[in-house]
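The next block is upload_0.tsv, given as TSV, C-alpha atoms.
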```tsv
chain	number	residue	atom	x	y	z
B	20	MET	CA	197.95	70.81	-96.51
B	21	HIS	CA	198.88	67.77	-94.41
B	22	ILE	CA	201.53	65.36	-95.63
B	23	GLU	CA	200.01	61.90	-95.74
B	24	PRO	CA	201.34	59.42	-93.15
B	25	GLY	CA	203.87	57.03	-94.68
B	26	LEU	CA	204.76	59.33	-97.56
B	27	VAL	CA	208.23	59.66	-96.05
B	28	ALA	CA	209.68	56.65	-94.24
B	29	ASP	CA	210.65	57.00	-90.58
B	30	GLY	CA	214.33	56.67	-91.42
B	31	LYS	CA	214.15	59.78	-93.60
B	32	LEU	CA	212.31	62.03	-91.17
B	33	TRP	CA	215.57	63.49	-89.87
B	34	LEU	CA	215.59	65.97	-92.77
B	35	SER	CA	212.23	67.37	-91.69
B	36	TYR	CA	213.62	67.98	-88.20
B	37	LEU	CA	216.45	70.04	-89.70
B	38	THR	CA	214.20	72.10	-91.98
B	39	ALA	CA	211.68	72.68	-89.19
B	40	ALA	CA	214.46	73.79	-86.84
B	41	GLY	CA	215.71	76.25	-89.45
B	42	ALA	CA	212.21	77.64	-90.03
B	43	ALA	CA	211.61	77.88	-86.29
B	44	GLY	CA	214.91	79.70	-85.80
B	45	TYR	CA	214.05	82.30	-88.40
B	46	GLY	CA	210.54	82.65	-86.96
B	47	LEU	CA	211.99	83.27	-83.50
B	48	LYS	CA	214.27	85.94	-84.97
B	49	LEU	CA	211.24	87.70	-86.43
B	50	ALA	CA	209.42	87.38	-83.10
B	51	TRP	CA	212.39	88.83	-81.22
B	52	ASN	CA	212.56	91.80	-83.58
B	53	MET	CA	208.84	92.41	-83.27
B	54	ALA	CA	208.93	92.19	-79.47
B	55	LYS	CA	211.60	94.89	-79.44
B	56	GLU	CA	209.59	97.12	-81.77
B	57	THR	CA	206.00	96.70	-80.53
B	58	GLY	CA	206.35	94.95	-77.18
B	59	VAL	CA	205.88	91.44	-75.86
B	60	LEU	CA	202.18	92.01	-75.15
B	61	SER	CA	201.44	92.87	-78.77
B	62	LEU	CA	203.36	89.82	-79.99
B	63	GLY	CA	201.63	87.58	-77.47
B	64	LEU	CA	198.08	88.74	-78.16
B	65	ARG	CA	198.50	88.57	-81.92
B	66	SER	CA	200.04	85.11	-81.63
B	67	VAL	CA	197.10	83.89	-79.54
B	68	ALA	CA	194.72	85.25	-82.17
B	69	THR	CA	196.56	83.64	-85.08
B	70	THR	CA	196.87	80.31	-83.25
B	71	ALA	CA	193.10	80.23	-82.61
B	72	LEU	CA	192.38	81.16	-86.22
B	73	VAL	CA	194.76	78.58	-87.68
B	74	PHE	CA	193.31	75.85	-85.49
B	75	SER	CA	189.83	76.88	-86.66
B	76	PHE	CA	190.93	76.89	-90.29
B	77	PHE	CA	192.24	73.34	-90.01
B	78	GLU	CA	189.32	71.96	-88.02
B	79	VAL	CA	186.33	73.87	-89.38
B	80	LEU	CA	187.00	74.87	-92.98
B	81	PRO	CA	186.54	72.23	-95.69
B	82	HIS	CA	189.56	70.09	-96.51
B	83	TYR	CA	189.94	66.99	-98.60
B	84	PRO	CA	192.73	64.58	-99.53
B	85	VAL	CA	194.13	64.88	-103.04
B	86	GLY	CA	197.17	62.97	-104.24
B	87	VAL	CA	200.04	63.17	-101.76
B	88	SER	CA	198.44	65.56	-99.27
B	89	GLU	CA	195.27	67.43	-98.27
B	90	VAL	CA	193.95	70.66	-99.71
B	91	HIS	CA	193.22	73.31	-97.04
B	92	LEU	CA	192.19	76.94	-97.12
B	93	ILE	CA	195.04	78.05	-94.85
B	94	LEU	CA	194.74	81.85	-95.41
B	95	GLY	CA	198.40	82.44	-94.70
B	96	SER	CA	198.44	85.73	-96.62
B	97	THR	CA	195.40	86.93	-94.64
B	98	LEU	CA	197.16	86.25	-91.35
B	99	PHE	CA	200.26	88.03	-92.59
B	100	LEU	CA	198.38	91.14	-93.69
B	101	LEU	CA	196.37	91.43	-90.47
B	102	PHE	CA	198.93	90.46	-87.84
B	103	GLY	CA	202.41	90.47	-89.38
B	104	ALA	CA	204.93	87.77	-90.24
B	105	ALA	CA	206.01	86.75	-86.72
B	106	PRO	CA	202.51	86.25	-85.22
B	107	ALA	CA	201.42	84.47	-88.40
B	108	ALA	CA	204.38	82.09	-88.16
B	109	ILE	CA	203.73	81.40	-84.48
B	110	GLY	CA	200.04	80.83	-85.13
B	111	LEU	CA	200.68	78.43	-88.00
B	112	ALA	CA	203.17	76.41	-85.95
B	113	LEU	CA	201.12	76.30	-82.74
B	114	GLY	CA	197.75	75.83	-84.42
B	115	LEU	CA	199.11	72.86	-86.34
B	116	LEU	CA	200.72	71.44	-83.19
B	117	ILE	CA	197.52	71.75	-81.12
B	118	GLN	CA	195.55	69.99	-83.81
B	119	GLY	CA	198.10	67.18	-83.89
B	120	LEU	CA	198.29	66.76	-80.12
B	121	PHE	CA	194.55	66.68	-79.46
B	122	PHE	CA	192.79	65.69	-82.66
B	123	ALA	CA	195.19	64.10	-85.15
B	124	GLN	CA	197.98	62.29	-83.33
B	125	PHE	CA	198.70	60.31	-86.50
B	126	ASP	CA	199.96	63.57	-88.01
B	127	LEU	CA	202.60	64.22	-85.34
B	128	PRO	CA	205.42	62.28	-87.10
B	129	GLN	CA	204.84	64.54	-90.12
B	130	TYR	CA	204.87	67.73	-88.01
B	131	GLY	CA	208.36	68.76	-89.10
B	132	MET	CA	207.44	68.46	-92.76
B	133	ASN	CA	204.10	70.19	-92.30
B	134	VAL	CA	205.44	73.11	-90.30
B	135	THR	CA	208.29	73.63	-92.77
B	136	THR	CA	205.79	73.60	-95.62
B	137	LEU	CA	203.69	76.28	-93.89
B	138	LEU	CA	206.42	78.58	-92.60
B	139	VAL	CA	209.01	78.82	-95.37
B	140	PRO	CA	206.45	80.05	-97.95
B	141	LEU	CA	205.23	82.57	-95.36
B	142	PHE	CA	208.73	84.00	-95.06
B	143	GLY	CA	208.92	84.17	-98.85
B	144	LEU	CA	205.55	85.94	-98.90
B	145	SER	CA	206.87	88.49	-96.41
B	146	ALA	CA	209.85	89.26	-98.65
B	147	LEU	CA	207.63	89.47	-101.74
B	148	ALA	CA	205.29	91.95	-100.04
B	149	ASN	CA	208.14	94.45	-99.87
B	150	ARG	CA	208.50	94.23	-103.64
B	151	VAL	CA	204.89	94.24	-104.86
B	152	ILE	CA	203.45	96.75	-102.35
B	153	ALA	CA	204.70	100.32	-102.59
B	154	PRO	CA	205.95	101.80	-99.30
B	155	ALA	CA	203.23	104.46	-99.42
B	156	THR	CA	200.44	101.85	-99.61
B	157	PRO	CA	198.76	100.57	-96.44
B	158	TYR	CA	197.47	97.02	-96.68
B	159	VAL	CA	193.80	98.10	-96.58
B	160	GLU	CA	194.41	99.78	-99.96
B	161	LEU	CA	195.67	96.65	-101.74
B	162	LYS	CA	194.37	95.83	-105.22
B	163	TYR	CA	193.29	92.38	-106.38
B	164	ARG	CA	196.45	91.82	-108.41
B	165	GLN	CA	198.59	92.48	-105.33
B	166	ALA	CA	196.53	90.16	-103.14
B	167	LEU	CA	196.67	87.57	-105.92
B	168	ALA	CA	200.46	87.84	-106.14
B	169	LEU	CA	200.84	87.29	-102.39
B	170	SER	CA	198.41	84.40	-102.24
B	171	THR	CA	199.85	82.75	-105.35
B	172	ALA	CA	203.36	82.98	-103.94
B	173	TYR	CA	202.31	81.41	-100.66
B	174	GLN	CA	200.29	78.59	-102.21
B	175	ALA	CA	202.97	77.91	-104.84
B	176	GLY	CA	205.48	77.59	-102.02
B	177	ILE	CA	203.26	75.07	-100.28
B	178	VAL	CA	202.83	73.02	-103.45
B	179	ALA	CA	206.59	73.11	-104.08
B	180	TRP	CA	207.39	71.87	-100.58
B	181	VAL	CA	204.75	69.14	-100.72
B	182	GLY	CA	206.21	68.06	-104.05
B	183	PHE	CA	209.69	68.01	-102.54
B	184	TRP	CA	208.61	65.81	-99.64
B	185	ALA	CA	206.79	63.46	-101.99
B	186	LEU	CA	209.84	63.08	-104.24
B	187	TYR	CA	212.11	62.72	-101.22
B	188	GLY	CA	209.90	60.02	-99.77
B	189	GLN	CA	208.64	58.12	-102.82
B	190	GLY	CA	211.14	58.84	-105.56
B	191	PHE	CA	210.81	59.92	-109.17
B	192	THR	CA	208.09	57.55	-110.34
B	193	VAL	CA	205.26	58.14	-112.79
B	194	ASP	CA	202.63	57.46	-110.13
B	195	ASN	CA	204.29	59.87	-107.73
B	196	PHE	CA	204.46	62.64	-110.32
B	197	ALA	CA	200.78	62.04	-111.10
B	198	ALA	CA	199.85	62.31	-107.41
B	199	ILE	CA	201.88	65.51	-107.04
B	200	SER	CA	200.27	66.98	-110.15
B	201	SER	CA	196.76	66.21	-108.93
B	202	PHE	CA	197.52	67.88	-105.60
B	203	GLY	CA	198.97	70.96	-107.30
B	204	GLY	CA	196.01	71.18	-109.65
B	205	ALA	CA	193.57	71.03	-106.76
B	206	TYR	CA	195.35	73.92	-105.08
B	207	MET	CA	194.42	76.17	-108.01
B	208	LEU	CA	191.03	76.56	-106.35
B	209	VAL	CA	192.72	77.90	-103.21
B	210	ILE	CA	194.76	80.35	-105.29
B	211	ILE	CA	191.51	81.69	-106.79
B	212	VAL	CA	189.60	81.96	-103.52
B	213	GLU	CA	192.22	83.26	-101.07
B	214	PRO	CA	192.81	86.70	-102.69
B	215	LEU	CA	189.07	87.32	-102.54
B	216	VAL	CA	189.09	86.45	-98.84
B	217	ASP	CA	192.06	88.77	-98.33
B	218	LEU	CA	190.28	91.68	-99.98
B	219	ALA	CA	187.05	91.02	-98.08
B	220	VAL	CA	188.92	90.96	-94.76
B	221	LEU	CA	190.87	94.11	-95.66
B	222	ALA	CA	187.64	95.86	-96.65
B	223	GLY	CA	186.21	94.98	-93.24
B	224	ALA	CA	189.36	96.23	-91.53
B	225	LYS	CA	189.10	99.49	-93.47
B	226	LEU	CA	185.70	100.11	-91.90
B	227	LEU	CA	187.02	99.44	-88.38
B	228	HIS	CA	188.90	102.69	-87.92
B	229	GLY	CA	189.21	102.04	-84.18
B	230	LEU	CA	191.87	99.42	-84.87
B	231	ARG	CA	194.20	102.00	-86.38
B	232	GLY	CA	197.23	102.35	-84.13
B	233	SER	CA	196.20	99.31	-82.07
B	234	PHE	CA	198.88	96.86	-81.00
B	235	LEU	CA	196.42	94.07	-81.87
B	236	VAL	CA	197.02	94.38	-85.63
B	237	GLU	CA	199.93	94.98	-87.96
B	238	ARG	CA	200.78	98.72	-88.12
B	239	ARG	CA	201.15	98.52	-91.91
B	240	LEU	CA	197.50	97.50	-92.14
B	241	TYR	CA	196.49	101.16	-91.91
B	242	ASP	CA	199.71	103.16	-92.24
B	243	ALA	CA	202.34	103.43	-94.93
B	244	ALA	CA	205.77	101.96	-94.32
```

For the structure just supplied, provide its representation as structure tokens.
Amino acid sequence: MHIEPGLVADGKLWLSYLTAAGAAGYGLKLAWNMAKETGVLSLGLRSVATTALVFSFFEVLPHYPVGVSEVHLILGSTLFLLFGAAPAAIGLALGLLIQGLFFAQFDLPQYGMNVTTLLVPLFGLSALANRVIAPATPYVELKYRQALALSTAYQAGIVAWVGFWALYGQGFTVDNFAAISSFGGAYMLVIIVEPLVDLAVLAGAKLLHGLRGSFLVERRLYDAA
């Protein structure tokens, strides 16, 4: 997911600065709460891990342009389940920024739109997890339908935000709707694949009992709420 350059004119980019600031503010609130609960070291190490992973996802995993944006395997739900909402948000924001600064400077004007599109669905995913996962269920015990619900919510949020930016930038034209539809359709593949990745990663974590109680991973990964 990278908004294509020129999709939104320079004179309209101010809205993306506002939405990105709001998302960043909420992310900082989550980070502050986590630092108080688990310590700054835990937050810092998990954030370094998520930043490195996100950068790798964007640079190494396959991605291709479709319609108004690019289709990526972002694995936002995987990051959330392993590390928690705050480190996942920091990793998504910093990983995207590092990529833009060093490898894709042409994407920097779209950074506000891109980071909003990544973070707001993550916060929605975090809220949904409290509803679809029973308090007595550690993440390593998730079923496919639960992983599917989380991944679908995150990817649907991304598609919705990309569609919003496209309509905001290009208007309600037939061609624009067609481009948005092709992008959304392509993301169906991600919705199919990501839950399987989640379950595979959780199965691996289940075998690594030494991580239980570690400040390197989300406590809920192994323990009930």

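All residues of protein, DNA or RNA that reach within 7 Å of B:Thr171, judged by only C-alpha atoms and not counting those fewer than 4 positions away in the chain, are Leu167, Ala175 and Ile210 of chain B.
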
Open item on the list: Let me make sure I understand: among B:Ala166, B:Leu49, B:Ala28, B:Val87, which one has the smallest atom-to-atom distance to B:Leu218 if we use all atoms listed in the file?
Closed with: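 Closest to B:Leu218, using all atoms listed in the file: B:Ala166.
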
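Relative to atom CA of B:Glu237, atom CA of B:Lys162 is found at 18.2 Å.
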
Task: Nearest residue to B:Pro214 from the set B:Pro106, B:Pro140, B:Gly95, B:Gly232 (distances using only C-alpha atoms) - done: B:Gly95

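Compared by their closest atoms to B:Ala108, and using all atoms listed in the file, the residues B:Lys48, B:His91, B:Arg150, B:Lys55 rank with B:Lys48 nearest.
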
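Using all atoms listed in the file, the smallest distance between any of B:Val151, B:Leu101, B:Gly25, B:Gln189 and B:Tyr241 comes from B:Leu101.
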
Task: Non-local contacts of stretch 130-133 of chain B (8 Å; all atoms listed in the file; under 5 positions in same chain excluded) as a list in words - done: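 The filter keeps Met20, His21, Ile22, Ser35, Tyr36, Thr38, Ala39, Leu115, Leu116, Gly119 and Trp184 of chain B.
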
Task: Pick from B:Leu26, B:Leu240, B:Val59, B:Leu235, whichever lies nearest to B:Gln129 using all atoms listed in the file - done: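 Closest to B:Gln129, using all atoms listed in the file: B:Leu26.
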
Open item on the list: I need the residue nearest B:Ala224 from this list: B:Leu100, B:Met207, B:Ile152, B:Ala112. Use only C-alpha atoms for the distance.
Closed with: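 Of B:Leu100, B:Met207, B:Ile152, B:Ala112, the one nearest B:Ala224, counting only C-alpha atoms, is B:Leu100.
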
Open item on the list: Could you list, as number ranges by chain, every residue within 9 Å of B:Gly182, counting all atoms listed in the file and ignoring same-chain residues fewer than 2 positions away?
Closed with: B: 87, 177-180, 184-187, 196, 199-200, 202-203

Task: Coordinates-based distance that separates atom CA of B:Leu127 from atom CA of B:Ala50 (Å, one decimal) - done: 24.2 Å

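Atom pair atom CA of B:Gly176 / atom CA of B:Leu141: separated by 8.3 Å.
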
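Selection around (202.0, 104.2, -93.4) with radius 9 Å, counting only C-alpha atoms, yields the residues Pro154, Ala155, Thr156, Pro157, Arg238, Arg239, Leu240, Tyr241, Asp242, Ala243 and Ala244 of chain B.
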
Task: Residues within 8 Å of B:Ala42, only C-alpha atoms, excluding chain neighbours under 3 positions, as a VMD selection string - done: chain B and resid 38 to 39 45 to 46 135 138 to 139

For stretch 205-223 of chain B, take all atoms listed in the file, fit an axis-aligned box around them, add 6 Å to each of the six sides, then output centre and edge lengths in Å rounded to one decimal, as JSON.
```
{"center_x": 190.8, "center_y": 83.4, "center_z": -100.6, "size_x": 21.1, "size_y": 36.8, "size_z": 26.8}
```
